[in-house]
Amino acid sequence: MLEYFLQHILSFSIWLPIAFGVAVLFTADDNKPCLTRWLALAGSIASFLVTIPLYTHFNFADGGFQFQERFLWIASFNINYHLGADGLAVPLILLTSFTTVIVVLSAWEVIEKRVAQYMASFLIMSGLMIGVFSALDAIFYYVFWEAMLIPMFLIIGIWGGPNRVYATVKFFLYTLLGSLLMLVAFIYMYHQTGSFAITDYYQMPMTLNVQILVFLAFFAAFAVKIPMWPVHTWLPDAHVEAPTGGSVVLAAIALKLGGYSFLRFAMPIAPDAAHYLSGLMIALSLIAIVYIALVALVQKDMKKLIAYSSISHMGFVTLGFFIFNNLGLEGAIVQMISHGFISAAMFLCVGVLYDRVHSRQIEAYGGVANTMPMFAAFVVLFAMANSGLPGTSGFVGEFMVILGAIQVNFWYAFLASFTLIFGAAYTLWMVKRVFYGEVANENVAALKDLNKREFLILAILAILVLAVGIYPEPLTNVTNATVNQLLTHLSHSKLPAGF
Amino acid sequence: MENLSYDLLTALPEIILLGMGMLVLIVDLFLKQSNRIAIYSLSQLALLMAAYVTFSTHAPGVGYAFTGAFVDDAMADILKLMIYLGTSLIFVYTRNYIQLRDMFRGEFYALVLFAVVGMMIMVSGQSMLTLYIGLELLSLSLYALVAFDRDNARATEAAMKYFVLGALASGMLLYGMSMIYGITGSLNLADISNALLSTPKTNSVVILGLVFIVSGLAFKLGAVPFQMWVPDVYEGSPTAVTMIITSVPKLAAFAFVIRMLAQGLQTMAVDWQQMLLVMAVLSIIIGNVTAIAQTNLKRMLAYSTISHIGFVLLGLMSASINGFASALFYISSYVLMSLAGFGIILLLTRKGFEADKLDDLKGLNQRSPWIAFLMLIVMFSMAGVPPTLGFYAKFAVLQAALQAGFLWIVVFAVLMAVIGAFYYLRIIKLMYFDEPVDKHPIQAPRDMRAVLSVNAFALLFLGLMPQGLMSLCAYAIMRSLS
């Protein structure tokens, strides 16, 4: 029984939340949302528990794909139902299933209209995202990657803010455009190798020109998702308009899909192009880190500020990728996980305020710490983590990336570390304006502190942020072997003989 | 005599349907309006009988009848079965609509059955004359169907337009055929193909004939630059008839193209490839871009059809077994999608309310989450978003075009697909993000709801398990062309 479960654990991780999502849809009754909520919670917790053995039964010494499942799916095109997870995917899968629990909890009383559709969208999306992280067949991966757009489109469009239609259509079309170019690259490689297996693409020799085209096709898909400057403009819109849960999933997981896919596809499939274009990629990352941090500084909307902060932090991730050393890469992965916790927490905090006052503007607040002391304590912790204070998870990743960058070029590290100051500036300034000073108006005076549910959510996240910050080893242990293997792969040229 | 019985046996499905069509006309004379439902049952029975005969006489080989003018091969059988299925769905979806609009008469069913016979003859045509006769039988039935609601001025106008332009296209087609006949001395496709082997490639009469034939076909398919009639006819016809025009006849038109170009004029492939390429590119651009500006749902779907035809041409243009099989896969997926799409529009209509404005879909999710979800599947399938059938349709065609070496055309088609996604998303936006304007309860017969649900979910199911349909299409093309 346990054997069977472990052999198909990835399938369970994908299909269990989707099955629960469909079941939740059938409980649609806005007058009696209790059943829906509890069923959704049960589904998300069950789906989270199912993914835990991925960590406990993981072979830390093996950098390759584990828990593999494979059978032929579409014979005409040699497309396989092929799943597997390596040290890169496992932490992200756990992050996904964990975040879904948080999202379900955070929506508890807040979402009142069409509860079943809301919960179902998130559960289904959770399964689809786990599918993206574990698919080892290009088309299978692509199906998950695209299918994910459908629930996200509905989440932003139905439960979002006033400008939600514009934001969600922009989000959908931006992402679709990038992914379709990636599809063309997949088809091209299929005609060369006769296979859609990612591992076959790893071995496939390609000339530099072809590699560059393939890399750019992937770049179109992933840079939009991460998002890198200058294709980031959908993100602030989508974040601002999305409901809290939507922002949390977007920031905590959806952005990681882009980062993960760079490491899974673009870099190992076209390593020479990755080296060739690394200057450009580093430049884009540094622009994101510095310029977007400055943009964040002037924002008046809290959600928008955090959205820009996300882009800036993801700049560290791409910087870590393209300096091609161990520290940079591991730092980037830690940064992805840590950003998952911190950005989720920050968006939830804004959600807590928004549910009470219905405004996201910084100037609508002031002196919130007087009325919500417990909440303020949490926010200060997460703000510190967001600005990379040692002892929080935000520090570990950024510090590792900066150390890695120093080995390559002093100025990269200099520019990147400079931003830690900006990061502290925009985050703490926001906290100061919202939480400290005199009580600004009646709305703030009437605020009630966190209820038990909100306290529980934020406490779990706070513990995780501190845990990763103080003792990141359980995380780096998983990724270590995979990172080494990936770096070895990247150091070998894939140009055909004679070039 | 022995030959004649073989001939008749080969054409038995056509004979059955023709006979049943006439029977419908006669029986109709003796029925009162309250008993007229019998006509509906009789028509469904006719399709079932034809399907049984086609299915049970299917053989993997190729059989020729009527001195080689009529063929029974895998492609013919499979396309015919698809046509029966599609027509049967049409009967289910349209029944309520035509009952409420005083169109529920024997002639409606007889005309549709005659159109089906025309399609079957096109599918099985192995001589230019058979193909043409089939096409005319189909077209004449459709002209009459468009004008069926005779007091409706818009429908009459649409029928006039359809008839005049359709006749022009038939003329062009016939003119091209006569040129090819003049050069090769034969109407039989196999003979033409052989004769053209020894004709110089630069023979201007042959090329001119090809141009006329391709133009005529493009007219019937509704490909740019011969698409002018499509939006007007779609908008003007009663929705039930629009649904007929947009769905199954496309399968027959596909067969016509394969028979004519891939079997008869295969030696000219280089020439027609270029023409199809230009038409494919233009159809995809004009279809997708113009659809954005539409406010009428039927008109929008007309432009959407034009862009889908562009994708089919992209597969045909690859001129390989892979390309033809992909195009067949695309067109059968398209028929399934458009049937479901128009089925939902018909479901939302009531007496005196056509549900053909985009705004009529507003807030559908609040009126009926189930129907909104069905439409969601259809729209994402048309946009080509996985996990729906439409994605694999686009995927198959794109990979065929890429295999044929048209990388940049594929990139272009992909960019256009993004533009296309926009107007499908708008429908989803109307259904899910907007508040309903129309508060009437949705009334529709239960069998229609059930069949429609199966139809829409088939798009999702085939999107998860596309292998069966893919194999079927590949089998049809391989058996018939190689």
# chains A, B, ... in the order shown; residues from 1 in each chain; ligands from 1
call {"tool": "residues_around", "arguments": {"residues": "Leu17 (chain B)", "least_positions_apart": "4", "cutoff": "12 Å", "atoms": "only C-alpha atoms", "output": "number ranges by chain"}}
result
B: 11-13, 21-24, 42-54, 80, 84, 109-121
call {"tool": "write_last_selection", "arguments": {"atoms": "N, CA, C and O atoms", "output": "compact mmCIF listing (two decimals), in the first residue's frame"}}
result
# COMPACT_ATOMS: atom_id res chain seq x y z
N ALA B 11 -23.16 2.59 -52.62
CA ALA B 11 -23.82 3.87 -52.37
C ALA B 11 -25.06 3.70 -51.50
O ALA B 11 -25.90 4.59 -51.46
N LEU B 12 -25.17 2.59 -50.81
CA LEU B 12 -26.38 2.32 -50.03
C LEU B 12 -26.68 3.41 -49.00
O LEU B 12 -27.84 3.85 -48.89
N PRO B 13 -25.70 3.90 -48.24
CA PRO B 13 -26.05 4.95 -47.26
C PRO B 13 -26.67 6.16 -47.92
O PRO B 13 -27.65 6.71 -47.41
N GLY B 21 -35.32 10.95 -46.92
CA GLY B 21 -35.64 12.36 -47.10
C GLY B 21 -36.96 12.52 -47.83
O GLY B 21 -37.82 13.33 -47.46
N MET B 22 -37.15 11.72 -48.88
CA MET B 22 -38.40 11.80 -49.63
C MET B 22 -39.57 11.29 -48.79
O MET B 22 -40.67 11.86 -48.82
N LEU B 23 -39.28 10.24 -48.05
CA LEU B 23 -40.32 9.69 -47.17
C LEU B 23 -40.79 10.77 -46.18
O LEU B 23 -41.99 10.92 -45.92
N VAL B 24 -39.82 11.51 -45.65
CA VAL B 24 -40.16 12.58 -44.72
C VAL B 24 -41.12 13.56 -45.37
O VAL B 24 -42.13 13.96 -44.79
N LEU B 42 -38.11 10.30 -37.39
CA LEU B 42 -37.83 9.63 -38.64
C LEU B 42 -36.46 10.06 -39.19
O LEU B 42 -35.67 9.23 -39.67
N SER B 43 -36.17 11.36 -39.07
CA SER B 43 -34.89 11.86 -39.58
C SER B 43 -33.74 11.29 -38.77
O SER B 43 -32.70 10.90 -39.33
N GLN B 44 -33.92 11.26 -37.46
CA GLN B 44 -32.86 10.68 -36.63
C GLN B 44 -32.67 9.21 -36.99
O GLN B 44 -31.54 8.71 -37.08
N LEU B 45 -33.79 8.52 -37.23
CA LEU B 45 -33.72 7.11 -37.60
C LEU B 45 -32.95 6.95 -38.92
O LEU B 45 -32.13 6.04 -39.07
N ALA B 46 -33.22 7.86 -39.87
CA ALA B 46 -32.52 7.79 -41.16
C ALA B 46 -31.01 7.86 -40.95
O ALA B 46 -30.25 7.08 -41.54
N LEU B 47 -30.59 8.80 -40.11
CA LEU B 47 -29.16 8.94 -39.86
C LEU B 47 -28.60 7.68 -39.21
O LEU B 47 -27.51 7.21 -39.54
N LEU B 48 -29.39 7.13 -38.29
CA LEU B 48 -28.94 5.93 -37.59
C LEU B 48 -28.77 4.77 -38.57
O LEU B 48 -27.78 4.04 -38.54
N MET B 49 -29.75 4.64 -39.47
CA MET B 49 -29.67 3.55 -40.45
C MET B 49 -28.45 3.74 -41.34
O MET B 49 -27.67 2.79 -41.58
N ALA B 50 -28.27 4.95 -41.84
CA ALA B 50 -27.12 5.21 -42.70
C ALA B 50 -25.82 4.93 -41.95
O ALA B 50 -24.88 4.34 -42.50
N ALA B 51 -25.79 5.34 -40.69
CA ALA B 51 -24.58 5.12 -39.90
C ALA B 51 -24.32 3.63 -39.75
O ALA B 51 -23.17 3.16 -39.87
N TYR B 52 -25.40 2.88 -39.53
CA TYR B 52 -25.22 1.44 -39.37
C TYR B 52 -24.64 0.83 -40.64
O TYR B 52 -23.67 0.06 -40.60
N VAL B 53 -25.21 1.21 -41.78
CA VAL B 53 -24.73 0.64 -43.05
C VAL B 53 -23.27 1.04 -43.30
O VAL B 53 -22.43 0.21 -43.62
N THR B 54 -22.97 2.33 -43.12
CA THR B 54 -21.60 2.79 -43.36
C THR B 54 -20.63 2.06 -42.45
O THR B 54 -19.55 1.62 -42.86
N LYS B 80 -18.08 10.35 -43.28
CA LYS B 80 -19.53 10.19 -43.30
C LYS B 80 -20.06 9.96 -41.89
O LYS B 80 -21.07 10.55 -41.50
N TYR B 84 -22.86 12.18 -39.99
CA TYR B 84 -24.11 11.70 -39.36
C TYR B 84 -24.19 12.19 -37.92
O TYR B 84 -25.22 12.67 -37.46
N TYR B 109 -36.46 19.21 -42.36
CA TYR B 109 -35.72 17.95 -42.17
C TYR B 109 -35.33 17.35 -43.51
O TYR B 109 -34.22 16.85 -43.68
N ALA B 110 -36.24 17.43 -44.48
CA ALA B 110 -35.90 16.86 -45.79
C ALA B 110 -34.71 17.60 -46.40
O ALA B 110 -33.77 16.98 -46.92
N LEU B 111 -34.72 18.94 -46.28
CA LEU B 111 -33.62 19.71 -46.87
C LEU B 111 -32.30 19.37 -46.19
O LEU B 111 -31.26 19.22 -46.85
N VAL B 112 -32.35 19.23 -44.87
CA VAL B 112 -31.10 18.89 -44.18
C VAL B 112 -30.63 17.51 -44.63
O VAL B 112 -29.44 17.30 -44.90
N LEU B 113 -31.57 16.58 -44.77
CA LEU B 113 -31.16 15.23 -45.20
C LEU B 113 -30.59 15.27 -46.62
O LEU B 113 -29.60 14.60 -46.92
N PHE B 114 -31.19 16.08 -47.50
CA PHE B 114 -30.65 16.19 -48.85
C PHE B 114 -29.25 16.81 -48.80
O PHE B 114 -28.35 16.39 -49.53
N ALA B 115 -29.09 17.81 -47.93
CA ALA B 115 -27.76 18.41 -47.80
C ALA B 115 -26.75 17.35 -47.35
O ALA B 115 -25.62 17.31 -47.84
N VAL B 116 -27.20 16.49 -46.44
CA VAL B 116 -26.31 15.44 -45.97
C VAL B 116 -25.92 14.52 -47.12
O VAL B 116 -24.76 14.14 -47.28
N VAL B 117 -26.89 14.19 -47.97
CA VAL B 117 -26.58 13.35 -49.13
C VAL B 117 -25.54 14.06 -50.01
O VAL B 117 -24.56 13.45 -50.47
N GLY B 118 -25.75 15.36 -50.22
CA GLY B 118 -24.77 16.12 -51.00
C GLY B 118 -23.38 16.02 -50.40
O GLY B 118 -22.39 15.77 -51.09
N MET B 119 -23.30 16.19 -49.09
CA MET B 119 -22.00 16.10 -48.42
C MET B 119 -21.39 14.72 -48.63
O MET B 119 -20.19 14.58 -48.86
N MET B 120 -22.24 13.69 -48.53
CA MET B 120 -21.70 12.33 -48.66
C MET B 120 -21.17 12.09 -50.05
O MET B 120 -20.14 11.42 -50.23
N ILE B 121 -21.84 12.67 -51.04
CA ILE B 121 -21.36 12.48 -52.41
C ILE B 121 -20.03 13.22 -52.59
O ILE B 121 -19.10 12.72 -53.23
call {"tool": "interface_residues", "arguments": {"of": "chain A", "to": "chain B", "cutoff": "6 Å", "atoms": "only C-alpha atoms", "output": "NGL selection string"}}
result
:A and (74 or 143 or 147 or 157-158 or 177 or 187)
call {"tool": "write_last_selection", "arguments": {"atoms": "N, CA, C and O atoms", "output": "PDB file, in the first residue's frame"}}
result
ATOM      1  N   ILE A  74       0.063  10.141 -25.480  1.00  0.00           N
ATOM      2  CA  ILE A  74      -0.426  10.371 -26.838  1.00  0.00           C
ATOM      3  C   ILE A  74       0.606   9.769 -27.782  1.00  0.00           C
ATOM      4  O   ILE A  74       1.664  10.350 -28.027  1.00  0.00           O
ATOM      5  N   VAL A 143       0.802  21.699 -20.967  1.00  0.00           N
ATOM      6  CA  VAL A 143      -0.628  21.631 -20.678  1.00  0.00           C
ATOM      7  C   VAL A 143      -0.902  22.203 -19.287  1.00  0.00           C
ATOM      8  O   VAL A 143      -1.805  23.009 -19.094  1.00  0.00           O
ATOM      9  N   ALA A 147      -2.973  25.572 -18.631  1.00  0.00           N
ATOM     10  CA  ALA A 147      -4.248  25.335 -17.967  1.00  0.00           C
ATOM     11  C   ALA A 147      -4.349  26.182 -16.709  1.00  0.00           C
ATOM     12  O   ALA A 147      -5.427  26.638 -16.339  1.00  0.00           O
ATOM     13  N   GLY A 157     -10.581  37.977 -12.252  1.00  0.00           N
ATOM     14  CA  GLY A 157     -11.717  38.614 -12.904  1.00  0.00           C
ATOM     15  C   GLY A 157     -12.984  38.633 -12.075  1.00  0.00           C
ATOM     16  O   GLY A 157     -13.752  39.573 -12.130  1.00  0.00           O
ATOM     17  N   ILE A 158     -13.225  37.580 -11.304  1.00  0.00           N
ATOM     18  CA  ILE A 158     -14.488  37.527 -10.552  1.00  0.00           C
ATOM     19  C   ILE A 158     -14.376  38.235  -9.198  1.00  0.00           C
ATOM     20  O   ILE A 158     -15.236  38.998  -8.819  1.00  0.00           O
ATOM     21  N   LEU A 177       1.106  34.792 -24.820  1.00  0.00           N
ATOM     22  CA  LEU A 177       2.030  35.118 -25.901  1.00  0.00           C
ATOM     23  C   LEU A 177       3.384  34.445 -25.665  1.00  0.00           C
ATOM     24  O   LEU A 177       3.929  33.780 -26.548  1.00  0.00           O
ATOM     25  N   ILE A 187       8.075  22.218 -30.348  1.00  0.00           N
ATOM     26  CA  ILE A 187       7.774  21.475 -31.578  1.00  0.00           C
ATOM     27  C   ILE A 187       9.037  21.363 -32.432  1.00  0.00           C
ATOM     28  O   ILE A 187       9.324  20.314 -33.007  1.00  0.00           O
TER      29      ILE A 187
END
call {"tool": "residues_around", "arguments": {"residues": "region 342-353 of chain A", "least_positions_apart": "3", "cutoff": "8 Å", "atoms": "only C-alpha atoms", "output": "NGL selection string"}}
result
:A and (106 or 244-245 or 247-249 or 251-252 or 302-303 or 306 or 310 or 338-339 or 356-360 or 379 or 382-383 or 385-386 or 394 or 454 or 458 or 461 or 465)
call {"tool": "residues_around", "arguments": {"residues": "region 343-353 of chain B", "least_positions_apart": "5", "cutoff": "8 Å", "atoms": "only C-alpha atoms", "output": "CSV table (one decimal) with C-alpha atoms, in the first residue's frame"}}
result
chain,number,residue,atom,x,y,z
B,93,TYR,CA,-30.2,21.3,-30.8
B,94,THR,CA,-32.4,22.9,-33.4
B,97,TYR,CA,-35.7,26.6,-31.8
B,100,LEU,CA,-40.9,28.2,-31.5
B,101,ARG,CA,-40.4,30.0,-34.8
B,239,THR,CA,-29.4,30.6,-35.8
B,240,ALA,CA,-30.4,27.0,-36.4
B,243,MET,CA,-25.3,26.2,-37.0
B,371,ILE,CA,-24.2,26.4,-18.9
B,375,MET,CA,-19.5,27.8,-22.8
B,442,ILE,CA,-33.5,29.5,-19.2
B,443,GLN,CA,-36.0,27.1,-20.7
B,444,ALA,CA,-34.7,24.3,-22.9
B,448,MET,CA,-30.9,19.1,-25.4
B,449,ARG,CA,-29.2,20.1,-22.2
B,452,LEU,CA,-25.0,19.6,-25.1
call {"tool": "residues_around", "arguments": {"residues": "region 212-219 of chain B", "least_positions_apart": "6", "cutoff": "7 Å", "atoms": "only C-alpha atoms", "output": "ChimeraX atom specification"}}
result
/B:169-170,172-173,175-177,226-227
call {"tool": "write_last_selection", "arguments": {"atoms": "C-alpha atoms", "output": "PDB file, in the first residue's frame"}}
result
ATOM      1  CA  ALA B 169     -18.061  30.255 -56.904  1.00  0.00           C
ATOM      2  CA  SER B 170     -19.617  27.181 -58.483  1.00  0.00           C
ATOM      3  CA  MET B 172     -15.456  29.409 -61.150  1.00  0.00           C
ATOM      4  CA  LEU B 173     -15.017  25.877 -59.930  1.00  0.00           C
ATOM      5  CA  TYR B 175     -14.619  26.692 -65.280  1.00  0.00           C
ATOM      6  CA  GLY B 176     -11.396  25.487 -63.664  1.00  0.00           C
ATOM      7  CA  MET B 177     -12.556  21.896 -63.945  1.00  0.00           C
ATOM      8  CA  PHE B 226     -13.289  35.000 -50.663  1.00  0.00           C
ATOM      9  CA  GLN B 227     -14.840  35.442 -47.222  1.00  0.00           C
TER      10      GLN B 227
END
call {"tool": "residues_around", "arguments": {"residues": "Phe77 (chain A)", "least_positions_apart": "6", "cutoff": "9 Å", "atoms": "only C-alpha atoms", "output": "PyMOL selection string"}}
result
(chain A and resi 190+194-196) or (chain B and resi 396)
call {"tool": "residues_around", "arguments": {"residues": "Thr318 (chain A)", "least_positions_apart": "5", "cutoff": "12 Å", "atoms": "only C-alpha atoms", "output": "ChimeraX atom specification"}}
result
/A:219,222-223,226-229,255-256,258-263,267,274,278-289,311-313,323-324,328-333,335-336,398,401,405,416
call {"tool": "closest_residue", "arguments": {"among": "A:Ser13, A:Thr371, A:Thr193, A:Thr392", "to": "Ala462 (chain A)", "atoms": "only C-alpha atoms"}}
result
A:Thr392
call {"tool": "select_by_dssp", "arguments": {"residues": "region 103-328 of chain A", "states": "helix (DSSP H, G or I)", "output": "number ranges by chain"}}
result
A: 103-106, 115-134, 138-147, 149-159, 164-193, 198-203, 208-225, 234-241, 244-269, 271-276, 278-297, 302-322, 326-328
call {"tool": "closest_atom_pairs", "arguments": {"of": "region 191-236 of chain B", "to": "region 258-269 of chain B", "cutoff": "7 Å", "atoms": "only C-alpha atoms", "output": "JSON lines"}}
result
{"residue": "B:Ile192", "atom": "CA", "partner": "B:Gly264", "partner_atom": "CA", "distance": 5.8}
{"residue": "B:Ser193", "atom": "CA", "partner": "B:Gly264", "partner_atom": "CA", "distance": 4.9}
{"residue": "B:Leu196", "atom": "CA", "partner": "B:Thr267", "partner_atom": "CA", "distance": 6.8}
{"residue": "B:Leu197", "atom": "CA", "partner": "B:Thr267", "partner_atom": "CA", "distance": 6.6}
call {"tool": "write_last_selection", "arguments": {"atoms": "N, CA and C atoms", "output": "PDB file, in the first residue's frame"}}
result
ATOM      1  N   ILE B 192      -6.600  11.969 -64.090  1.00  0.00           N
ATOM      2  CA  ILE B 192      -6.067  13.336 -64.187  1.00  0.00           C
ATOM      3  C   ILE B 192      -4.664  13.381 -63.608  1.00  0.00           C
ATOM      4  N   SER B 193      -4.539  12.732 -62.457  1.00  0.00           N
ATOM      5  CA  SER B 193      -3.240  12.735 -61.787  1.00  0.00           C
ATOM      6  C   SER B 193      -2.179  12.115 -62.683  1.00  0.00           C
ATOM      7  N   LEU B 196      -1.376  14.382 -65.725  1.00  0.00           N
ATOM      8  CA  LEU B 196      -0.611  15.595 -65.412  1.00  0.00           C
ATOM      9  C   LEU B 196       0.867  15.296 -65.239  1.00  0.00           C
ATOM     10  N   LEU B 197       1.194  14.019 -64.954  1.00  0.00           N
ATOM     11  CA  LEU B 197       2.607  13.668 -64.792  1.00  0.00           C
ATOM     12  C   LEU B 197       3.379  13.990 -66.064  1.00  0.00           C
TER      13      LEU B 197
END
call {"tool": "decode", "arguments": {"residues": "region 442-453 of chain A", "atoms": "N, CA, C and O atoms", "output": "PDB file, in the first residue's frame"}}
result
ATOM      1  N   GLU A 442     -10.881  57.971  11.982  1.00  0.00           N
ATOM      2  CA  GLU A 442     -11.818  57.124  12.738  1.00  0.00           C
ATOM      3  C   GLU A 442     -11.714  55.667  12.337  1.00  0.00           C
ATOM      4  O   GLU A 442     -11.842  54.781  13.163  1.00  0.00           O
ATOM      5  N   ASN A 443     -11.483  55.466  11.030  1.00  0.00           N
ATOM      6  CA  ASN A 443     -11.368  54.083  10.568  1.00  0.00           C
ATOM      7  C   ASN A 443     -10.293  53.349  11.351  1.00  0.00           C
ATOM      8  O   ASN A 443     -10.480  52.220  11.783  1.00  0.00           O
ATOM      9  N   VAL A 444      -9.159  53.977  11.477  1.00  0.00           N
ATOM     10  CA  VAL A 444      -8.047  53.334  12.172  1.00  0.00           C
ATOM     11  C   VAL A 444      -8.398  53.166  13.649  1.00  0.00           C
ATOM     12  O   VAL A 444      -8.110  52.133  14.261  1.00  0.00           O
ATOM     13  N   ALA A 445      -9.045  54.167  14.206  1.00  0.00           N
ATOM     14  CA  ALA A 445      -9.397  54.087  15.623  1.00  0.00           C
ATOM     15  C   ALA A 445     -10.342  52.922  15.893  1.00  0.00           C
ATOM     16  O   ALA A 445     -10.317  52.321  16.968  1.00  0.00           O
ATOM     17  N   ALA A 446     -11.158  52.587  14.881  1.00  0.00           N
ATOM     18  CA  ALA A 446     -12.149  51.533  15.093  1.00  0.00           C
ATOM     19  C   ALA A 446     -11.597  50.136  14.810  1.00  0.00           C
ATOM     20  O   ALA A 446     -12.321  49.150  14.910  1.00  0.00           O
ATOM     21  N   LEU A 447     -10.332  50.050  14.437  1.00  0.00           N
ATOM     22  CA  LEU A 447      -9.784  48.749  14.047  1.00  0.00           C
ATOM     23  C   LEU A 447      -9.773  47.775  15.208  1.00  0.00           C
ATOM     24  O   LEU A 447      -9.507  48.143  16.350  1.00  0.00           O
ATOM     25  N   LYS A 448     -10.045  46.492  14.855  1.00  0.00           N
ATOM     26  CA  LYS A 448      -9.924  45.424  15.864  1.00  0.00           C
ATOM     27  C   LYS A 448      -8.692  44.609  15.539  1.00  0.00           C
ATOM     28  O   LYS A 448      -8.378  44.382  14.370  1.00  0.00           O
ATOM     29  N   ASP A 449      -8.028  44.139  16.574  1.00  0.00           N
ATOM     30  CA  ASP A 449      -6.801  43.384  16.339  1.00  0.00           C
ATOM     31  C   ASP A 449      -7.124  42.022  15.718  1.00  0.00           C
ATOM     32  O   ASP A 449      -8.289  41.649  15.564  1.00  0.00           O
ATOM     33  N   LEU A 450      -6.081  41.278  15.390  1.00  0.00           N
ATOM     34  CA  LEU A 450      -6.229  40.002  14.688  1.00  0.00           C
ATOM     35  C   LEU A 450      -7.186  39.063  15.409  1.00  0.00           C
ATOM     36  O   LEU A 450      -7.171  38.974  16.634  1.00  0.00           O
ATOM     37  N   ASN A 451      -8.003  38.335  14.614  1.00  0.00           N
ATOM     38  CA  ASN A 451      -8.762  37.265  15.233  1.00  0.00           C
ATOM     39  C   ASN A 451      -7.935  35.981  15.211  1.00  0.00           C
ATOM     40  O   ASN A 451      -6.817  35.964  14.692  1.00  0.00           O
ATOM     41  N   LYS A 452      -8.484  34.909  15.765  1.00  0.00           N
ATOM     42  CA  LYS A 452      -7.696  33.682  15.932  1.00  0.00           C
ATOM     43  C   LYS A 452      -7.206  33.134  14.602  1.00  0.00           C
ATOM     44  O   LYS A 452      -6.078  32.675  14.454  1.00  0.00           O
ATOM     45  N   ARG A 453      -8.093  33.182  13.601  1.00  0.00           N
ATOM     46  CA  ARG A 453      -7.735  32.613  12.314  1.00  0.00           C
ATOM     47  C   ARG A 453      -6.562  33.371  11.694  1.00  0.00           C
ATOM     48  O   ARG A 453      -5.575  32.775  11.260  1.00  0.00           O
TER      49      ARG A 453
END
